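Colleague: As input, take target_17.cif (mmCIF, C-alpha atoms and all ligand atoms):
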data_my_file
loop_
_atom_site.group_PDB
_atom_site.id
_atom_site.type_symbol
_atom_site.label_atom_id
_atom_site.label_comp_id
_atom_site.auth_asym_id
_atom_site.auth_seq_id
_atom_site.Cartn_x
_atom_site.Cartn_y
_atom_site.Cartn_z
ATOM 1 C CA MET A 1 14.704 17.905 14.784
ATOM 2 C CA ASN A 2 13.795 19.640 11.529
ATOM 3 C CA LYS A 3 14.054 16.630 9.205
ATOM 4 C CA LYS A 4 10.824 15.189 7.785
ATOM 5 C CA THR A 5 10.270 11.508 8.557
ATOM 6 C CA VAL A 6 8.304 8.754 6.831
ATOM 7 C CA VAL A 7 7.539 5.178 7.895
ATOM 8 C CA ILE A 8 6.804 2.748 5.065
ATOM 9 C CA THR A 9 5.580 -0.824 5.491
ATOM 10 C CA GLY A 10 6.524 -3.275 2.750
ATOM 11 C CA ALA A 11 9.451 -0.992 1.853
ATOM 12 C CA SER A 12 11.890 -3.788 0.935
ATOM 13 C CA SER A 13 10.481 -4.152 -2.581
ATOM 14 C CA GLY A 14 8.305 -2.726 -5.340
ATOM 15 C CA LEU A 15 6.216 0.361 -4.625
ATOM 16 C CA GLY A 16 7.295 0.602 -0.975
ATOM 17 C CA LYS A 17 10.960 0.674 -1.941
ATOM 18 C CA ALA A 18 10.373 3.140 -4.803
ATOM 19 C CA THR A 19 8.460 5.420 -2.409
ATOM 20 C CA ALA A 20 11.213 5.161 0.207
ATOM 21 C CA LEU A 21 13.765 6.282 -2.380
ATOM 22 C CA ALA A 22 11.510 9.069 -3.694
ATOM 23 C CA PHE A 23 11.145 10.562 -0.188
ATOM 24 C CA ALA A 24 14.890 10.064 0.494
ATOM 25 C CA ARG A 25 15.747 12.018 -2.682
ATOM 26 C CA LYS A 26 13.819 14.927 -1.133
ATOM 27 C CA GLY A 27 15.915 14.602 2.036
ATOM 28 C CA TRP A 28 13.358 12.768 4.200
ATOM 29 C CA TRP A 29 14.482 10.190 6.780
ATOM 30 C CA VAL A 30 12.895 6.792 6.212
ATOM 31 C CA ALA A 31 11.922 3.787 8.358
ATOM 32 C CA VAL A 32 11.987 0.722 6.120
ATOM 33 C CA ALA A 33 9.585 -1.844 7.635
ATOM 34 C CA ASP A 34 9.140 -5.281 6.126
ATOM 35 C CA ILE A 35 9.342 -9.032 6.726
ATOM 36 C CA ASN A 36 12.161 -9.303 4.157
ATOM 37 C CA GLN A 37 15.356 -8.206 5.949
ATOM 38 C CA GLU A 38 17.766 -8.876 3.061
ATOM 39 C CA ARG A 39 15.926 -6.672 0.582
ATOM 40 C CA GLY A 40 15.198 -4.169 3.367
ATOM 41 C CA ASP A 41 18.901 -3.790 4.133
ATOM 42 C CA GLU A 42 19.528 -3.118 0.428
ATOM 43 C CA THR A 43 16.855 -0.404 0.472
ATOM 44 C CA VAL A 44 18.483 1.196 3.527
ATOM 45 C CA GLU A 45 21.882 1.182 1.783
ATOM 46 C CA GLU A 46 20.385 2.818 -1.338
ATOM 47 C CA ILE A 47 18.768 5.516 0.809
ATOM 48 C CA LYS A 48 22.059 6.210 2.595
ATOM 49 C CA ALA A 49 23.846 6.393 -0.764
ATOM 50 C CA LEU A 50 21.444 9.241 -1.621
ATOM 51 C CA GLY A 51 22.720 11.106 1.439
ATOM 52 C CA SER A 52 19.647 10.562 3.591
ATOM 53 C CA GLN A 53 19.112 8.468 6.725
ATOM 54 C CA ALA A 54 17.219 5.196 7.173
ATOM 55 C CA PHE A 55 16.896 2.118 9.341
ATOM 56 C CA PHE A 56 15.331 -1.285 8.815
ATOM 57 C CA GLN A 57 12.770 -2.660 11.267
ATOM 58 C CA HIS A 58 11.430 -6.187 10.938
ATOM 59 C CA CYS A 59 7.649 -5.773 10.960
ATOM 60 C CA ASN A 60 4.932 -8.224 10.049
ATOM 61 C CA VAL A 61 1.806 -6.084 9.597
ATOM 62 C CA ALA A 62 -0.322 -9.079 10.574
ATOM 63 C CA ASN A 63 1.054 -8.666 14.092
ATOM 64 C CA SER A 64 0.045 -5.702 16.308
ATOM 65 C CA GLU A 65 3.139 -6.063 18.533
ATOM 66 C CA ASP A 66 5.394 -5.661 15.474
ATOM 67 C CA ILE A 67 3.616 -2.447 14.456
ATOM 68 C CA GLN A 68 3.786 -1.118 18.002
ATOM 69 C CA ALA A 69 7.532 -1.905 18.058
ATOM 70 C CA LEU A 70 7.956 -0.117 14.713
ATOM 71 C CA HIS A 71 6.144 2.934 16.057
ATOM 72 C CA ASP A 72 8.215 2.956 19.271
ATOM 73 C CA ARG A 73 11.509 2.602 17.350
ATOM 74 C CA CYS A 74 10.556 5.568 15.119
ATOM 75 C CA LEU A 75 9.927 7.774 18.151
ATOM 76 C CA GLU A 76 13.200 6.638 19.720
ATOM 77 C CA GLU A 77 15.179 7.399 16.563
ATOM 78 C CA TRP A 78 13.428 10.591 15.504
ATOM 79 C CA THR A 79 11.118 11.926 18.273
ATOM 80 C CA GLN A 80 8.602 12.927 15.549
ATOM 81 C CA ILE A 81 6.791 10.997 12.801
ATOM 82 C CA ASP A 82 5.416 12.969 9.852
ATOM 83 C CA VAL A 83 4.010 10.335 7.477
ATOM 84 C CA LEU A 84 2.909 6.696 7.726
ATOM 85 C CA ILE A 85 2.574 4.721 4.490
ATOM 86 C CA ASN A 86 0.607 1.484 4.891
ATOM 87 C CA ASN A 87 1.883 -0.179 1.746
ATOM 88 C CA ALA A 88 2.633 -3.827 2.677
ATOM 89 C CA GLY A 89 0.334 -6.175 0.834
ATOM 90 C CA ILE A 90 -0.021 -9.564 -0.802
ATOM 91 C CA VAL A 91 -1.961 -10.933 -3.731
ATOM 92 C CA SER A 92 -4.301 -13.753 -2.742
ATOM 93 C CA ALA A 93 -5.266 -16.687 -4.957
ATOM 94 C CA LEU A 94 -7.522 -15.934 -7.924
ATOM 95 C CA GLY A 95 -10.600 -18.062 -8.551
ATOM 96 C CA THR A 96 -14.367 -18.300 -8.343
ATOM 97 C CA ILE A 97 -16.057 -17.962 -4.927
ATOM 98 C CA ASP A 98 -16.593 -21.739 -4.599
ATOM 99 C CA ARG A 99 -12.931 -22.531 -5.325
ATOM 100 C CA VAL A 100 -10.802 -20.082 -3.331
ATOM 101 C CA PRO A 101 -9.923 -21.611 0.070
ATOM 102 C CA MET A 102 -10.973 -19.715 3.207
ATOM 103 C CA VAL A 103 -7.336 -19.475 4.267
ATOM 104 C CA GLU A 104 -6.767 -17.109 1.315
ATOM 105 C CA TRP A 105 -9.619 -14.859 2.436
ATOM 106 C CA GLN A 106 -8.102 -14.842 5.907
ATOM 107 C CA ARG A 107 -4.639 -13.971 4.571
ATOM 108 C CA ALA A 108 -5.962 -11.141 2.363
ATOM 109 C CA MET A 109 -7.983 -9.649 5.214
ATOM 110 C CA ASP A 110 -5.275 -10.046 7.847
ATOM 111 C CA ILE A 111 -2.474 -8.453 5.804
ATOM 112 C CA ASN A 112 -4.140 -6.162 3.230
ATOM 113 C CA LEU A 113 -6.930 -4.841 5.456
ATOM 114 C CA MET A 114 -6.040 -5.450 9.108
ATOM 115 C CA GLY A 115 -2.378 -4.543 8.493
ATOM 116 C CA VAL A 116 -3.606 -1.088 7.449
ATOM 117 C CA VAL A 117 -6.093 -0.889 10.332
ATOM 118 C CA ARG A 118 -3.326 -1.733 12.843
ATOM 119 C CA GLY A 119 -0.993 0.891 11.363
ATOM 120 C CA CYS A 120 -3.679 3.598 11.364
ATOM 121 C CA SER A 121 -4.783 2.805 14.896
ATOM 122 C CA ILE A 122 -1.310 2.805 16.477
ATOM 123 C CA PHE A 123 0.207 5.788 14.622
ATOM 124 C CA THR A 124 -2.890 8.006 14.789
ATOM 125 C CA ARG A 125 -2.539 8.249 18.570
ATOM 126 C CA THR A 126 0.896 9.813 18.106
ATOM 127 C CA PHE A 127 -0.246 12.051 15.230
ATOM 128 C CA LYS A 128 -2.957 13.427 17.545
ATOM 129 C CA GLU A 129 -0.439 14.044 20.325
ATOM 130 C CA GLN A 130 1.933 15.752 17.876
ATOM 131 C CA GLY A 131 -0.887 17.899 16.480
ATOM 132 C CA GLY A 132 -0.665 16.488 12.951
ATOM 133 C CA GLY A 133 0.563 13.900 10.492
ATOM 134 C CA HIS A 134 -0.353 12.151 7.265
ATOM 135 C CA ILE A 135 -1.470 8.583 6.469
ATOM 136 C CA VAL A 136 -1.118 7.018 3.006
ATOM 137 C CA ASN A 137 -2.974 3.743 2.483
ATOM 138 C CA VAL A 138 -2.053 1.709 -0.579
ATOM 139 C CA ALA A 139 -5.230 0.034 -1.869
ATOM 140 C CA SER A 140 -5.741 -0.878 -5.549
ATOM 141 C CA ILE A 141 -8.006 -0.158 -8.503
ATOM 142 C CA ALA A 142 -9.332 -3.642 -7.612
ATOM 143 C CA GLY A 143 -10.905 -1.982 -4.577
ATOM 144 C CA LEU A 144 -12.900 0.410 -6.781
ATOM 145 C CA ILE A 145 -13.968 -1.586 -9.822
ATOM 146 C CA THR A 146 -15.208 -5.104 -10.491
ATOM 147 C CA ILE A 147 -12.663 -7.760 -11.436
ATOM 148 C CA PRO A 148 -14.337 -11.207 -11.379
ATOM 149 C CA THR A 149 -12.237 -13.998 -9.763
ATOM 150 C CA MET A 150 -10.197 -11.486 -7.737
ATOM 151 C CA THR A 151 -12.760 -11.483 -4.944
ATOM 152 C CA SER A 152 -10.642 -11.824 -1.793
ATOM 153 C CA TYR A 153 -7.970 -9.346 -2.936
ATOM 154 C CA SER A 154 -10.578 -6.875 -4.240
ATOM 155 C CA ALA A 155 -12.738 -7.072 -1.108
ATOM 156 C CA SER A 156 -9.696 -6.436 1.108
ATOM 157 C CA LYS A 157 -8.709 -3.405 -1.000
ATOM 158 C CA ALA A 158 -12.298 -2.061 -1.181
ATOM 159 C CA ALA A 159 -12.298 -2.143 2.612
ATOM 160 C CA VAL A 160 -9.048 -0.120 2.639
ATOM 161 C CA VAL A 161 -10.711 2.503 0.389
ATOM 162 C CA SER A 162 -13.717 2.637 2.731
ATOM 163 C CA LEU A 163 -11.517 2.848 5.831
ATOM 164 C CA SER A 164 -9.545 5.683 4.230
ATOM 165 C CA GLU A 165 -12.737 7.619 3.390
ATOM 166 C CA MET A 166 -13.872 7.346 7.018
ATOM 167 C CA LEU A 167 -10.463 8.389 8.377
ATOM 168 C CA ARG A 168 -10.232 11.337 5.991
ATOM 169 C CA ALA A 169 -13.421 12.705 7.559
ATOM 170 C CA GLU A 170 -12.654 11.598 11.123
ATOM 171 C CA LEU A 171 -9.158 13.099 11.223
ATOM 172 C CA LYS A 172 -9.667 16.244 9.137
ATOM 173 C CA HIS A 173 -9.971 18.549 12.131
ATOM 174 C CA LYS A 174 -7.006 16.925 13.873
ATOM 175 C CA ASN A 175 -4.652 18.162 11.146
ATOM 176 C CA ILE A 176 -4.091 14.568 9.972
ATOM 177 C CA GLY A 177 -4.306 14.072 6.216
ATOM 178 C CA VAL A 178 -5.277 10.797 4.520
ATOM 179 C CA THR A 179 -4.425 9.642 0.998
ATOM 180 C CA VAL A 180 -5.602 6.411 -0.621
ATOM 181 C CA VAL A 181 -3.638 5.083 -3.596
ATOM 182 C CA CYS A 182 -5.476 2.912 -6.121
ATOM 183 C CA PRO A 183 -3.065 1.751 -8.818
ATOM 184 C CA SER A 184 -3.794 -0.615 -11.651
ATOM 185 C CA LEU A 185 -1.085 -3.180 -12.479
ATOM 186 C CA PHE A 186 2.613 -2.208 -12.545
ATOM 187 C CA ARG A 187 5.762 -4.344 -12.384
ATOM 188 C CA THR A 188 6.919 -5.462 -8.906
ATOM 189 C CA ASN A 189 7.586 -8.701 -7.022
ATOM 190 C CA LEU A 190 3.946 -8.921 -5.861
ATOM 191 C CA SER A 191 3.265 -12.299 -7.514
ATOM 192 C CA GLU A 192 5.896 -13.878 -5.193
ATOM 193 C CA SER A 193 3.315 -13.547 -2.392
ATOM 194 C CA LEU A 194 0.836 -15.822 -4.187
ATOM 195 C CA MET A 195 -0.044 -18.986 -2.182
ATOM 196 C CA ASN A 196 -2.621 -21.759 -2.518
ATOM 197 C CA ALA A 197 -3.062 -20.781 -6.158
ATOM 198 C CA LYS A 198 -3.620 -22.883 -9.268
ATOM 199 C CA GLU A 199 -0.523 -23.569 -11.341
ATOM 200 C CA GLY A 200 0.180 -20.825 -13.849
ATOM 201 C CA GLN A 201 -1.446 -17.964 -11.890
ATOM 202 C CA GLN A 202 1.887 -16.388 -10.997
ATOM 203 C CA GLU A 203 2.886 -16.336 -14.687
ATOM 204 C CA VAL A 204 -0.468 -14.771 -15.643
ATOM 205 C CA ILE A 205 -0.013 -11.969 -13.084
ATOM 206 C CA ASP A 206 3.626 -11.382 -14.126
ATOM 207 C CA ARG A 207 2.620 -11.232 -17.803
ATOM 208 C CA GLU A 208 -0.094 -8.661 -17.090
ATOM 209 C CA MET A 209 2.301 -6.585 -14.959
ATOM 210 C CA GLU A 210 4.911 -6.610 -17.736
ATOM 211 C CA LYS A 211 2.415 -4.859 -20.048
ATOM 212 C CA SER A 212 2.154 -1.812 -17.777
ATOM 213 C CA THR A 213 3.804 1.394 -18.939
ATOM 214 C CA VAL A 214 3.445 2.922 -15.459
ATOM 215 C CA THR A 215 6.335 2.108 -13.105
ATOM 216 C CA ALA A 216 6.656 1.914 -9.325
ATOM 217 C CA ASP A 217 8.902 5.021 -9.546
ATOM 218 C CA ASP A 218 6.157 6.964 -11.395
ATOM 219 C CA ILE A 219 3.641 6.099 -8.672
ATOM 220 C CA ALA A 220 6.130 6.861 -5.888
ATOM 221 C CA GLU A 221 6.664 10.407 -7.233
ATOM 222 C CA LYS A 222 2.884 10.892 -7.305
ATOM 223 C CA ILE A 223 2.629 9.729 -3.690
ATOM 224 C CA VAL A 224 5.208 12.342 -2.614
ATOM 225 C CA THR A 225 3.176 15.037 -4.402
ATOM 226 C CA ALA A 226 -0.125 13.751 -2.983
ATOM 227 C CA VAL A 227 1.242 14.021 0.564
ATOM 228 C CA LYS A 228 2.519 17.539 -0.130
ATOM 229 C CA ASN A 229 -0.894 18.598 -1.507
ATOM 230 C CA ASN A 230 -2.962 16.582 0.988
ATOM 231 C CA GLN A 231 -4.702 14.892 -1.963
ATOM 232 C CA PHE A 232 -7.189 12.163 -1.014
ATOM 233 C CA MET A 233 -7.702 9.846 -4.002
ATOM 234 C CA LEU A 234 -4.639 8.953 -6.082
ATOM 235 C CA LEU A 235 -5.340 7.014 -9.294
ATOM 236 C CA PRO A 236 -1.916 6.815 -10.950
ATOM 237 C CA HIS A 237 -3.091 5.071 -14.156
ATOM 238 C CA LYS A 238 -5.042 7.326 -16.550
ATOM 239 C CA THR A 239 -7.312 4.463 -17.731
ATOM 240 C CA SER A 240 -8.521 3.912 -14.166
ATOM 241 C CA TRP A 241 -10.483 7.168 -14.339
ATOM 242 C CA LEU A 242 -12.521 5.705 -17.239
ATOM 243 C CA HIS A 243 -13.489 2.521 -15.364
ATOM 244 C CA TRP A 244 -14.143 4.235 -12.050
ATOM 245 C CA GLY A 245 -15.920 7.128 -13.768
ATOM 246 C CA LEU A 246 -18.253 4.764 -15.629
ATOM 247 C CA LYS A 247 -19.081 2.859 -12.440
ATOM 248 C CA ARG A 248 -19.888 6.096 -10.611
ATOM 249 C CA LEU A 249 -21.968 7.350 -13.556
ATOM 250 C CA SER A 250 -24.176 4.269 -13.793
ATOM 251 C CA THR A 251 -23.777 1.063 -11.786
ATOM 252 C CA ASN A 252 -26.241 -0.753 -14.075
ATOM 253 C CA LEU A 253 -24.427 0.264 -17.252
ATOM 254 C CA TYR A 254 -21.120 -0.695 -15.644
ATOM 255 C CA GLN A 255 -22.432 -4.148 -14.634
ATOM 256 C CA TRP A 256 -23.726 -4.668 -18.178
ATOM 257 C CA VAL A 257 -20.343 -3.759 -19.690
ATOM 258 C CA ILE A 258 -18.288 -6.070 -17.481
ATOM 259 C CA THR A 259 -20.639 -9.084 -17.661
ATOM 260 C CA ARG A 260 -21.429 -9.033 -21.383
ATOM 261 C CA LYS A 261 -20.160 -12.110 -23.311
HETATM 262 N N1 LIG A 301 2.051 -4.290 -8.310
HETATM 263 C C1 LIG A 301 0.806 -4.036 -8.656
HETATM 264 O O1 LIG A 301 0.393 -4.250 -9.804
HETATM 265 C C2 LIG A 301 -0.134 -3.449 -7.634
HETATM 266 C C3 LIG A 301 -1.352 -2.906 -8.095
HETATM 267 C C4 LIG A 301 -2.218 -2.341 -7.163
HETATM 268 C C5 LIG A 301 -1.880 -2.293 -5.826
HETATM 269 N N2 LIG A 301 -0.696 -2.839 -5.417
HETATM 270 C C6 LIG A 301 -0.387 -2.786 -3.993
HETATM 271 O O2 LIG A 301 0.868 -2.150 -3.809
HETATM 272 C C7 LIG A 301 1.398 -2.556 -2.532
HETATM 273 C C8 LIG A 301 2.868 -2.892 -2.689
HETATM 274 O O3 LIG A 301 2.992 -4.082 -3.451
HETATM 275 P P1 LIG A 301 4.086 -4.271 -4.600
HETATM 276 O O4 LIG A 301 3.342 -4.424 -5.874
HETATM 277 O O5 LIG A 301 5.126 -3.260 -4.489
HETATM 278 O O6 LIG A 301 4.621 -5.748 -4.238
HETATM 279 P P2 LIG A 301 6.026 -6.284 -3.705
HETATM 280 O O7 LIG A 301 5.783 -7.728 -3.400
HETATM 281 O O8 LIG A 301 7.109 -5.945 -4.639
HETATM 282 O O9 LIG A 301 6.231 -5.486 -2.338
HETATM 283 C C9 LIG A 301 5.433 -5.775 -1.202
HETATM 284 C C10 LIG A 301 6.312 -5.794 0.038
HETATM 285 O O10 LIG A 301 5.467 -6.079 1.162
HETATM 286 C C11 LIG A 301 6.132 -6.989 1.992
HETATM 287 N N3 LIG A 301 5.166 -7.745 2.799
HETATM 288 C C12 LIG A 301 4.342 -8.744 2.415
HETATM 289 N N4 LIG A 301 3.637 -9.191 3.462
HETATM 290 C C13 LIG A 301 4.027 -8.452 4.536
HETATM 291 C C14 LIG A 301 3.660 -8.446 5.899
HETATM 292 N N5 LIG A 301 2.773 -9.326 6.393
HETATM 293 N N6 LIG A 301 4.234 -7.544 6.715
HETATM 294 C C15 LIG A 301 5.166 -6.653 6.235
HETATM 295 N N7 LIG A 301 5.572 -6.639 4.962
HETATM 296 C C16 LIG A 301 5.000 -7.526 4.116
HETATM 297 C C17 LIG A 301 6.920 -7.893 1.065
HETATM 298 O O11 LIG A 301 7.998 -8.546 1.743
HETATM 299 C C18 LIG A 301 7.384 -6.895 0.004
HETATM 300 O O12 LIG A 301 8.640 -6.363 0.347
HETATM 301 C C19 LIG A 301 0.533 -3.731 -2.060
HETATM 302 O O13 LIG A 301 -0.375 -3.270 -1.077
HETATM 303 C C20 LIG A 301 -0.223 -4.132 -3.317
HETATM 304 O O14 LIG A 301 -1.459 -4.750 -3.043
HETATM 305 C C21 LIG A 301 0.190 -3.391 -6.294
#
Is it possible to express this structure as structure tokens?
Ligand SMILES: NC(=O)c1ccc[n+]([C@@H]2O[C@H](COP(=O)([O-])OP(=O)(O)OC[C@H]3O[C@@H](n4cnc5c(N)ncnc54)[C@H](O)[C@@H]3O)[C@@H](O)[C@H]2O)c1
Modeller:
Amino acid sequence: MNKKTVVITGASSGLGKATALAFARKGWWVAVADINQERGDETVEEIKALGSQAFFQHCNVANSEDIQALHDRCLEEWTQIDVLINNAGIVSALGTIDRVPMVEWQRAMDINLMGVVRGCSIFTRTFKEQGGGHIVNVASIAGLITIPTMTSYSASKAAVVSLSEMLRAELKHKNIGVTVVCPSLFRTNLSESLMNAKEGQQEVIDREMEKSTVTADDIAEKIVTAVKNNQFMLLPHKTSWLHWGLKRLSTNLYQWVITRK
């Protein structure tokens, strides 16, 4: 088989879907994995309309058996897996540390962090056997900079950045590349995943997303290029470099800037 193949979790919507279509436009075959079958089937149809091949696999990233089944289906369909994109994620309730219920911390960690850990663990075994592969982990700028009241989401994404740094080093000599994507806000259906949140939070998130001039399609194209170039850190929003750069330059100065009244 000489076709390139990519598995994308959370590919029924938003960035996952845009990335699925971006790879399909380049002729790649795509596994669309998600908990939302209806939107997933639409994504598969759009990929096929581009002349490429795709299938939908129901996969809850909070469940190891689902990820194992996804992996096994990919090998059955294709015999070789080139790229895994751990994109599925949710936004957890915003609020101060004394107000956010523990169940939200659990949800953020189980899906945003452990979903990525499960994907990396299961697919890396095959990448090693194949003699290569590439992993893309979708984190967030929230995992790099300080955004008060976004603690559970940010901590889960910071852990994805850290995990990706470790894997980049661990897998370098196994011919397995690692990319971590840290976008700022862009318009998707992400706020639909909000639970246990105060009234009005969904509207706040949607309003902030609406302001973004960067689209899911823009980021998807950058992900395709990052895989091609084996680029590690992908910050698709130009302003992110300012925030992250300042934090790396001086943590004290950065803390002063973000906490000043
Ligand atoms: N939209 C933004 O502003 C933004 C910014 C930074 C990072 N991100 C990250 O981008 C990624 C994609 O999110 P999006 O913005 O495209 O949102 P989205 O809601 O449009 O898409 C996320 C997809 O993940 C799926 N999903 C949710 N939980 C799942 C689970 N347990 N198992 C499998 N699939 C699941 C959803 O059904 C949905 O199809 C997420 O990791 C998110 O944290 C988004």
Colleague: Sort by chain and increasing residue number a table of all residues of chain A within 8 Å of ligand LIG 301 (chain A), each with its closest pair of atoms and their distance in Å to one decimal, counting all atoms listed in the file, and write it as CSV.
Modeller:
residue,atom,partner,partner_atom,distance
A:Thr9,CA,A:LIG301,N7,5.8
A:Gly10,CA,A:LIG301,O10,3.4
A:Ala11,CA,A:LIG301,O12,5.6
A:Ser12,CA,A:LIG301,O12,4.2
A:Ser13,CA,A:LIG301,O12,4.1
A:Gly14,CA,A:LIG301,O5,3.3
A:Leu15,CA,A:LIG301,O5,3.8
A:Gly16,CA,A:LIG301,O5,5.7
A:Lys17,CA,A:LIG301,O5,7.5
A:Ala33,CA,A:LIG301,C15,6.7
A:Asp34,CA,A:LIG301,N7,4.0
A:Ile35,CA,A:LIG301,N7,4.8
A:Asn36,CA,A:LIG301,O11,4.9
A:Arg39,CA,A:LIG301,O12,7.3
A:Gly40,CA,A:LIG301,O12,7.5
A:His58,CA,A:LIG301,C15,7.8
A:Cys59,CA,A:LIG301,C15,5.4
A:Asn60,CA,A:LIG301,N6,3.5
A:Val61,CA,A:LIG301,N6,4.0
A:Ala62,CA,A:LIG301,N5,5.2
A:Asn63,CA,A:LIG301,N5,7.9
A:Asn86,CA,A:LIG301,O13,7.7
A:Asn87,CA,A:LIG301,O13,4.8
A:Ala88,CA,A:LIG301,O10,3.9
A:Gly89,CA,A:LIG301,O13,3.5
A:Ile90,CA,A:LIG301,C12,5.5
A:Val91,CA,A:LIG301,O14,6.2
A:Ile111,CA,A:LIG301,N5,5.4
A:Asn112,CA,A:LIG301,O13,6.4
A:Gly115,CA,A:LIG301,N5,7.3
A:Val138,CA,A:LIG301,O13,5.3
A:Ala139,CA,A:LIG301,C5,5.7
A:Ser140,CA,A:LIG301,C5,4.1
A:Ile141,CA,A:LIG301,C4,6.3
A:Ala142,CA,A:LIG301,C4,7.2
A:Tyr153,CA,A:LIG301,O14,8.0
A:Lys157,CA,A:LIG301,O14,7.7
A:Val181,CA,A:LIG301,C5,7.9
A:Cys182,CA,A:LIG301,C4,6.3
A:Pro183,CA,A:LIG301,C4,4.5
A:Ser184,CA,A:LIG301,C3,4.9
A:Leu185,CA,A:LIG301,O1,3.2
A:Phe186,CA,A:LIG301,O1,4.1
A:Arg187,CA,A:LIG301,N1,5.5
A:Thr188,CA,A:LIG301,O8,4.3
A:Asn189,CA,A:LIG301,O8,3.7
A:Leu190,CA,A:LIG301,O7,3.3
A:Ser191,CA,A:LIG301,O7,6.6
A:Glu192,CA,A:LIG301,O7,6.4
A:Ser193,CA,A:LIG301,O7,6.4
A:Met209,CA,A:LIG301,O1,6.0
A:Ala216,CA,A:LIG301,O5,7.2
Colleague: Apply the PyMOL selection byres (((chain A and resi 45-57) around 7) and not hetatm) to the file shown and report the selected residues as a list in words.
Modeller: Leu21, Ala24, Arg25, Gly27, Trp28, Trp29, Val30, Ala31, Val32, Ala33, Asp34, Gly40, Asp41, Glu42, Thr43, Val44, His58, Cys59 and Leu70 of chain A
Colleague: Could you check which of A:Thr149, A:Ser240, A:Gln37, A:Asn230 is closest to A:Asp98, using only C-alpha atoms?
Modeller: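 Result for the nearest residue to A:Asp98: A:Thr149.
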Colleague: Going by the chain IDs and residue numbers used in this file, which residues fall under the PyMOL selection byres (((chain A and resi 6) around 8) and not hetatm)? Write them as an MDAnalysis selection string.
Modeller: chainID A and resid 4:5 7:8 23 28:31 81:85
Colleague: Once the PyMOL selection byres (((chain A and resi 117-132) around 8) and not hetatm) is applied to the coordinates I shared, what remains selected? I want it as a PyMOL selection string.
Modeller: chain A and resi 61+64+67-68+71+80-82+84+86+113-116+133-135+163+174-176
Colleague: As an exercise, work out the distance from atom CA of A:Lys3 to atom CA of A:Thr179 in Å and give it to one decimal place.
Modeller: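 About the pair atom CA of A:Lys3 and atom CA of A:Thr179: they are 21.4 Å apart.
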Colleague: What are the centre and the three edge lengths of an axis-aligned box that wraps all atoms of stretch 137-155 of chain A in the file, given that 3 Å is added to every side, written as AutoDock Vina command-line options and rounded to one decimal in Å?
Modeller:
--center_x -8.6 --center_y -5.1 --center_z -4.5 --size_x 19.2 --size_y 23.7 --size_z 19.9
Colleague: May I ask which of the residues A:Met150, A:Ile145, A:Ala158, A:Met195 is the closest one to A:Val103, counting all atoms listed in the file?
Modeller: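 Between A:Met150, A:Ile145, A:Ala158, A:Met195, the residue approaching A:Val103 most closely is A:Met195.
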Colleague: Grab the atom CA of A:Glu221 to atom CA of A:Val160 distance for me, in Å with one decimal place.
Modeller: 21.3 Å
Colleague: Work out how far atom CA of A:Phe232 is from atom CA of A:Val161, in Å to one decimal.
Modeller: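 Interatomic distance, atom CA of A:Val161 to atom CA of A:Phe232: 10.4 Å.
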Colleague: Would you please work out which residue, of A:Glu165, A:Ala93, A:Val227, A:Asn2, is nearest to A:Gln201 when using all atoms listed in the file?
Modeller: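 Smallest distance to A:Gln201 is found for A:Ala93.
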Colleague: Might you pull out every residue within 12 Å of A:Ile258, with all atoms listed in the file counted and same-chain residues fewer than 5 positions away left off, and present them as a list of chain:residue names?
Modeller: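 Here the answer would be A:Ile145, A:Thr146, A:Ile147, A:Pro148, A:His243, A:Leu246, A:Lys247, A:Thr251, A:Asn252, A:Leu253.
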Colleague: When distances are computed from all atoms listed in the file, which of A:Gln202, A:Tyr254, A:His237, A:Leu194 shows the smallest separation from A:Thr215?
Modeller: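 Smallest separation from A:Thr215 among the options: A:His237.
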